[in-house]
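See structure below.
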Amino acid sequence: MGWQRKVLRVNLTDGNIQSEPLNMDWAQQYLGERGLGTKYLYENMDPSVDALDPGNVLIFATGPLTGTMASTSGRYAVVTKGALTDAIACSNSGGKFGAELKFAGYDLLILEGKSPEPSYLKIYDDNVEIVSAEPIWGKTVWETEAWLKSHHQDPLMKVASIGVAGENLVRYACVVNDLHRAAGRSGVGAVMGSKNLKAIAVRGTVGVTVDNPKRFMEVVKETKAKLAQSGDVQELTDYGTNAMIDMMQEFGGLPTRNFQEVQFEGVDNINPGAMTREKSNGHVNLLTNKACFGCTIACGRISHIDKDHFTISNRPEYWHASGGLEYETAFAFGPDCGVDDIDALTFAGFMMNEHGMDPISFGGTLAAAMELYEMGVITDEDTDGVPLNFGNAEALTIMAEKTGKYEGFGQVLGLGSKRLCEKYGHPELSMTVKGQEFAGYDSRALQGMGLGYATSSRGACHMKHDVFGPDMEDQTGAGKALPCKKSQDKISIIDSTGLCWFTLSAWGIKDFQAQIDAACEGDWNVPRLFETGERIWNLERQFNLKAGLTKADDSLPPRLLKDPARSGVAKGKVNELGKMLPEYYEIRGWNEDGVPTEETLERLGL
Amino acid sequence: MQLTVKLVGTFAKYLPKPSQGNMVDVEVDSGTTAAQLVSILGLPEKQPFIVSVNDEIVPKSDRDSKVLQSTDSIKIIPPLKGG
């Protein structure tokens with residue numbers, strides 16, 4: 001148990017809906033969520049198919065611990081071929097939607113084909129329908145969720161949907177659930193839009209069971225106590241993820257103005273201190289924090305914008321509270337675009353949630369466009385007359401809304417940084433790997449982070465490895481390949497449980513192992529977990545190789561490899577990827593072209 | 001000798017009362033090392049953090065031998081994490 005042992009398969013082309021038994025051999029090899037989703041994706045589609053083709057498959061995957069009493073058990077993953085990256089995408093989210101899908105009785109929801117007309121999927125346990133989305137096509141994420149709950153007279157319904165950005169195939173459109181939690185990265189929302197699928201509305205009453213309830217309750221009690229007693233976890237609760245912005249600033253790893261610099265002069269205006277500071281008119285940005293399903297950390301921020309701010313002074317529809325600044329949003333709209341207006345950043349964040357877009361990719365794309373504008377390559381004629389200089393808060397907010405609504409220059413920004421920079425003849429200015437924009441960690445200061453970015457299956461991503469410890473100690477590439485590889489395997493398994501890896505502030509792999517072993521059939525010991533993580537990583541690699549990716553895609557932009565950091569602890573340094581990558585391939589059991597050897601595949605049962 | 005220390009981000013909570021902001025002036029003997037400063041400030045021994053002097057990281061193994069000067073720019077940076 002832990003698993004529901006059931007998969008819901010929906011063919012949107014012909015409307016066929018069927019449930020099928022979960023392949024338990026695969027569950028024992030890939031656990032759930034990211035791992036199991038990857039296995040089903042690999043076995044159900046041709047990886048060379050275009051991401052926006054009906055042949056792409058879109059999978060919503062829960063983990064064996066999703067919806068259980070374990071802390072942070074609200075996670076689910078969206079697994080598909082990414083519209084932004086043309087590589088495998090695994091984008092996970094919190095909120096309550098994932099647990100509700102599990103309560104409806106499903107481990108996985110597999111969506112195939114393309115609906116002939118805009119539709120949404122309604123799941124009430126075994127009662128599943130494809131319904132016309134005509135009344136909500138063209139509506140925002142927030143309007144869609146409100147309409148569905150009202151139309152079905154069910155305020156407890158959980159909704160995952162796309163906005164106008166996803167409908168129009170903005171390359172980094174995301175899937176938003178519970179108003180402001182998102183499967184944000186790699187363009188999984190654009191894939192959903194390409195299938196004419198507006199939303200998934202779910203209610204579940206089946207509940208979840210675990211293999212050894214008594215043992216499970218014991219280990220959950222122990223692991224929750226560890227979270228409650230952890231000072232690091234308390235900091236996440238108190239400050240949210242934006243606490244990172246001060247650390248990265250002082251470290252000298254805070255990417256600024258499209259990674260031209262590594263420290264930002266305006267950081268004090270957008271950091272956690274600024275979020276809690278009272279303005280002269282009494283306004284305070286941060287209202288409270290918020291937890292996802294089952295979470296005992298509550299790192300989420302709930303904020304509101306000053307009613308006197310230019311963004312909303314005449315727009316009362318935005319005078320409410322909503323999802324506030326997380327670190328990545330603050331970095332991408334702040335330092336990366338040179339903007340230090342916290343209300344503008346918060347408004348742009350609202351736009352991301354309302355219209356369904358990844359803030360990291362939007363911010364990275366706008367930053368590239370700003371650099372091109374300052375070079376004179378992009379002009380006012382391109383930008384609908386909006387001066388796109390770094391630091392222009394109004395430009396940030398206007399372009400966030402234009403892109404969300406797919407209007408004017410927003411359509412160009414919707415291409416993502418890689419395609420935009422290619423369009424204007426400067427591909428070297430795109431701060432991406434495999435077409436996906438970097439998170440807020442400069443890999444000249446954090447060398448292992450750079451290796452993780454370059455080798456991440458879904459393109460530049462800070463959430464698929466954890467080399468922060470070694471990167472703090474030493475600003476060279478020496479000795480980073482092994483911890484990078486090991487942490488990638490570890491996080492592959494954590495991403496497959498249904499739990500959140502922010503628990504890593506207090507939990508080690510043994511804490512995850514104890515919960516998995518109590519919840520799931522089979523002997524889940526630590527070595528088996530690491531082998532499972534390695535299997536998942538290698539299967540993702542196999543998918544990407546079949547999709548046509550090569551060693552050349554395991555790279556970093558020339559700026560990070562050739563232009564030394566101008567300040568901070570890594571002043572004068574560039575990323576040493578050329579030294580780290582061959583060592584990494586060898587440790588992985590891949591050949592010099594980054595292809596897993598026969599021996600590696602055989603060892604992992606691939 | 002007086003040292004001026006910046007306790008970055010969440011480490012501001014370790015500032016002696018009634019400090020404001022995240023800077024603190026600490027009166028120390030001349031010859032004080034980075035390790036001694038950490039002890040004086042009462043920072044948690046178990047928690048990893050970075051000691052940066054003039055924008056250069058002092059490796060943990062060198063904290064005992066790194067003698068601080070009154071002109072140094074000293075920062076204590078909390079552990080870096082994902083987010």
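Order determines the names: the first chain of the structure tokens is A, the second B, and so forth; residues in each chain are numbered 1 upward, and ligands are numbered 1 upward as they are shown.
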Exercise for review: Could you please tell me, as a count of residues only, which residues of chain B have an atom within 12 Å of chain A when using only C-alpha atoms?
Suggested key: 39
Review point. Excluding same-chain residues fewer than 6 positions from A:Asn289, what lies within 7 Å of it counting only C-alpha atoms, as a PyMOL selection string?
Key: chain A and resi 298-302
Only N, CA and C atoms, please: the residues just picked out, written as a PDB file, in the first residue's frame.
ATOM      1  N   ALA A 298       5.323  25.510   6.468  1.00  0.00           N
ATOM      2  CA  ALA A 298       4.599  26.722   6.053  1.00  0.00           C
ATOM      3  C   ALA A 298       5.551  27.819   5.577  1.00  0.00           C
ATOM      4  N   CYS A 299       6.327  27.529   4.543  1.00  0.00           N
ATOM      5  CA  CYS A 299       7.268  28.524   4.005  1.00  0.00           C
ATOM      6  C   CYS A 299       6.584  29.518   3.075  1.00  0.00           C
ATOM      7  N   GLY A 300       5.370  29.225   2.621  1.00  0.00           N
ATOM      8  CA  GLY A 300       4.692  30.106   1.668  1.00  0.00           C
ATOM      9  C   GLY A 300       4.405  31.475   2.261  1.00  0.00           C
ATOM     10  N   ARG A 301       4.416  32.480   1.407  1.00  0.00           N
ATOM     11  CA  ARG A 301       4.152  33.868   1.854  1.00  0.00           C
ATOM     12  C   ARG A 301       2.816  34.348   1.286  1.00  0.00           C
ATOM     13  N   ILE A 302       2.068  35.053   2.080  1.00  0.00           N
ATOM     14  CA  ILE A 302       0.854  35.709   1.613  1.00  0.00           C
ATOM     15  C   ILE A 302       1.042  37.212   1.798  1.00  0.00           C
TER      16      ILE A 302
END
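Closest approach to B:Ala34 from the set B:Ser19, B:Tyr14, B:Asp64, B:Thr4 is made by B:Asp64, with distances taken over only C-alpha atoms.
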**Study point:** A:Gln515 environment, 7 Å, only C-alpha atoms, sequence neighbours closer than 5 positions dropped, as a VMD selection string
**Key:** chain A and resid 216 219 to 220
Check your understanding: Taking the backbone alone, and naming residues the way the document does, which bits of stretch 150-332 of chain A are helix (DSSP H, G or I) by DSSP, as a PyMOL selection string?
Key -> chain A and resi 150-151+164-167+188-194+213-229+231-239+241-251+267-269+272-276+316-318+327-332
Review point. Leaving out A:Gly410 and any residue of its chain fewer than 6 positions from it, which residues lie within 8 Å of it when counting only C-alpha atoms, given as a list in words?
Key: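 Neighbouring residues, sequence-local ones excluded: Met399, Ala400, Glu401, Lys402, Thr403 and Gly404 of chain A.
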Selection to disk with N, CA and C atoms, as a PDB file, in the first residue's frame:
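This is the output file again04.pdb:
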ATOM      1  N   MET A 399       5.119  44.241 -18.790  1.00  0.00           N
ATOM      2  CA  MET A 399       5.470  43.070 -19.601  1.00  0.00           C
ATOM      3  C   MET A 399       4.987  41.770 -18.961  1.00  0.00           C
ATOM      4  N   ALA A 400       4.936  41.724 -17.629  1.00  0.00           N
ATOM      5  CA  ALA A 400       4.386  40.534 -16.983  1.00  0.00           C
ATOM      6  C   ALA A 400       2.931  40.351 -17.391  1.00  0.00           C
ATOM      7  N   GLU A 401       2.183  41.455 -17.420  1.00  0.00           N
ATOM      8  CA  GLU A 401       0.759  41.363 -17.772  1.00  0.00           C
ATOM      9  C   GLU A 401       0.578  41.097 -19.267  1.00  0.00           C
ATOM     10  N   LYS A 402       1.381  41.770 -20.088  1.00  0.00           N
ATOM     11  CA  LYS A 402       1.274  41.553 -21.534  1.00  0.00           C
ATOM     12  C   LYS A 402       1.576  40.096 -21.904  1.00  0.00           C
ATOM     13  N   THR A 403       2.583  39.535 -21.260  1.00  0.00           N
ATOM     14  CA  THR A 403       2.943  38.151 -21.576  1.00  0.00           C
ATOM     15  C   THR A 403       1.834  37.209 -21.099  1.00  0.00           C
ATOM     16  N   GLY A 404       1.324  37.473 -19.896  1.00  0.00           N
ATOM     17  CA  GLY A 404       0.238  36.638 -19.388  1.00  0.00           C
ATOM     18  C   GLY A 404      -0.981  36.662 -20.276  1.00  0.00           C
TER      19      GLY A 404
END
Practice item. Using only C-alpha atoms, determine which residues lie at most 12 Å from A:Ile17, disregarding the query and same-chain residues fewer than 4 positions distant; provide the list as a PyMOL selection string. Key: chain A and resi 7-13+109-112+121-123+126-130
Residue selection dump (C-alpha atoms) as a PDB file, in the first residue's frame:
ATOM      1  CA  VAL A   7      -3.959   4.687 -12.953  1.00  0.00           C
ATOM      2  CA  LEU A   8      -6.478   6.910 -14.717  1.00  0.00           C
ATOM      3  CA  ARG A   9      -5.833   7.089 -18.451  1.00  0.00           C
ATOM      4  CA  VAL A  10      -7.681   9.671 -20.550  1.00  0.00           C
ATOM      5  CA  ASN A  11      -7.393   9.924 -24.307  1.00  0.00           C
ATOM      6  CA  LEU A  12      -8.441  13.466 -25.091  1.00  0.00           C
ATOM      7  CA  THR A  13      -8.629  12.813 -28.837  1.00  0.00           C
ATOM      8  CA  LEU A 109      -3.379  10.532 -14.302  1.00  0.00           C
ATOM      9  CA  ILE A 110      -2.178   9.981 -17.880  1.00  0.00           C
ATOM     10  CA  LEU A 111      -3.432  12.393 -20.536  1.00  0.00           C
ATOM     11  CA  GLU A 112      -2.965  11.432 -24.174  1.00  0.00           C
ATOM     12  CA  LEU A 121     -11.540  17.096 -16.848  1.00  0.00           C
ATOM     13  CA  LYS A 122     -13.816  16.490 -13.876  1.00  0.00           C
ATOM     14  CA  ILE A 123     -12.801  13.687 -11.527  1.00  0.00           C
ATOM     15  CA  ASP A 126     -14.534   6.878 -10.360  1.00  0.00           C
ATOM     16  CA  ASN A 127     -16.884   9.358 -11.969  1.00  0.00           C
ATOM     17  CA  VAL A 128     -14.714  10.980 -14.626  1.00  0.00           C
ATOM     18  CA  GLU A 129     -15.935  13.269 -17.397  1.00  0.00           C
ATOM     19  CA  ILE A 130     -14.435  15.390 -20.160  1.00  0.00           C
TER      20      ILE A 130
END
Point to revise | Shell of 8 Å around A:Gly98, only C-alpha atoms, local chain residues under 6 positions omitted, as a PyMOL selection string | key: chain A and resi 62+66-67+74-76
Writer output for current selection, C-alpha atoms, as a compact mmCIF listing (two decimals), in the first residue's frame:
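Final output, saved to result_25.txt:
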# COMPACT_ATOMS: atom_id res chain seq x y z
CA THR A 62 1.37 11.41 -6.94
CA THR A 66 1.13 11.98 -1.03
CA GLY A 67 -1.99 12.58 1.03
CA GLY A 74 0.97 17.51 -0.60
CA ARG A 75 3.41 17.07 -3.45
CA TYR A 76 2.62 15.84 -6.94
Point to revise | Long-range neighbours of stretch 38-48 of chain A as a list in words, 7 Å cut-off, only C-alpha atoms, 6 positions minimum in chain | key: Gly55, Asn56, Val57, Val79, Thr80, Glu540, Phe543, Lys546, Ala547 and Gly548 of chain A
Save the residues we just selected, C-alpha atoms, as an mmCIF file, in the first residue's frame?
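Saved as again28.cif:
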data_model
loop_
_atom_site.group_PDB
_atom_site.id
_atom_site.type_symbol
_atom_site.label_atom_id
_atom_site.label_comp_id
_atom_site.auth_asym_id
_atom_site.auth_seq_id
_atom_site.Cartn_x
_atom_site.Cartn_y
_atom_site.Cartn_z
ATOM 1 C CA GLY A 55 1.699 12.543 -29.363
ATOM 2 C CA ASN A 56 3.252 14.073 -26.254
ATOM 3 C CA VAL A 57 1.893 12.562 -23.051
ATOM 4 C CA VAL A 79 5.853 14.771 -16.077
ATOM 5 C CA THR A 80 5.946 15.312 -19.834
ATOM 6 C CA GLU A 540 15.563 10.570 -17.696
ATOM 7 C CA PHE A 543 14.585 9.837 -22.626
ATOM 8 C CA LYS A 546 16.150 9.520 -27.592
ATOM 9 C CA ALA A 547 14.720 13.039 -27.865
ATOM 10 C CA GLY A 548 17.927 14.045 -29.657
#
Practice item. Return as number ranges by chain the full set of residues in stretch 110-222 of chain A whose backbone-based DSSP assignment is strand (DSSP E or B). Key: A: 110-112, 119-124, 127-132, 158-161, 173, 175-177, 181-183, 197-203
Exercise for review: Go through B:Met1, B:Ser39, B:Gly31, B:Lys17 and flag the residue nearest B:Ser70, using only C-alpha atoms for the distances.
Suggested key: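 Checking each candidate against B:Ser70, we get B:Met1 as the closest.
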Point to revise | Nearest to A:Glu117 by atom-to-atom distance, counting only C-alpha atoms, from A:Gly15, A:Gly32, A:Pro64, A:Gly105 | key: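 Nearest to A:Glu117: A:Gly15.
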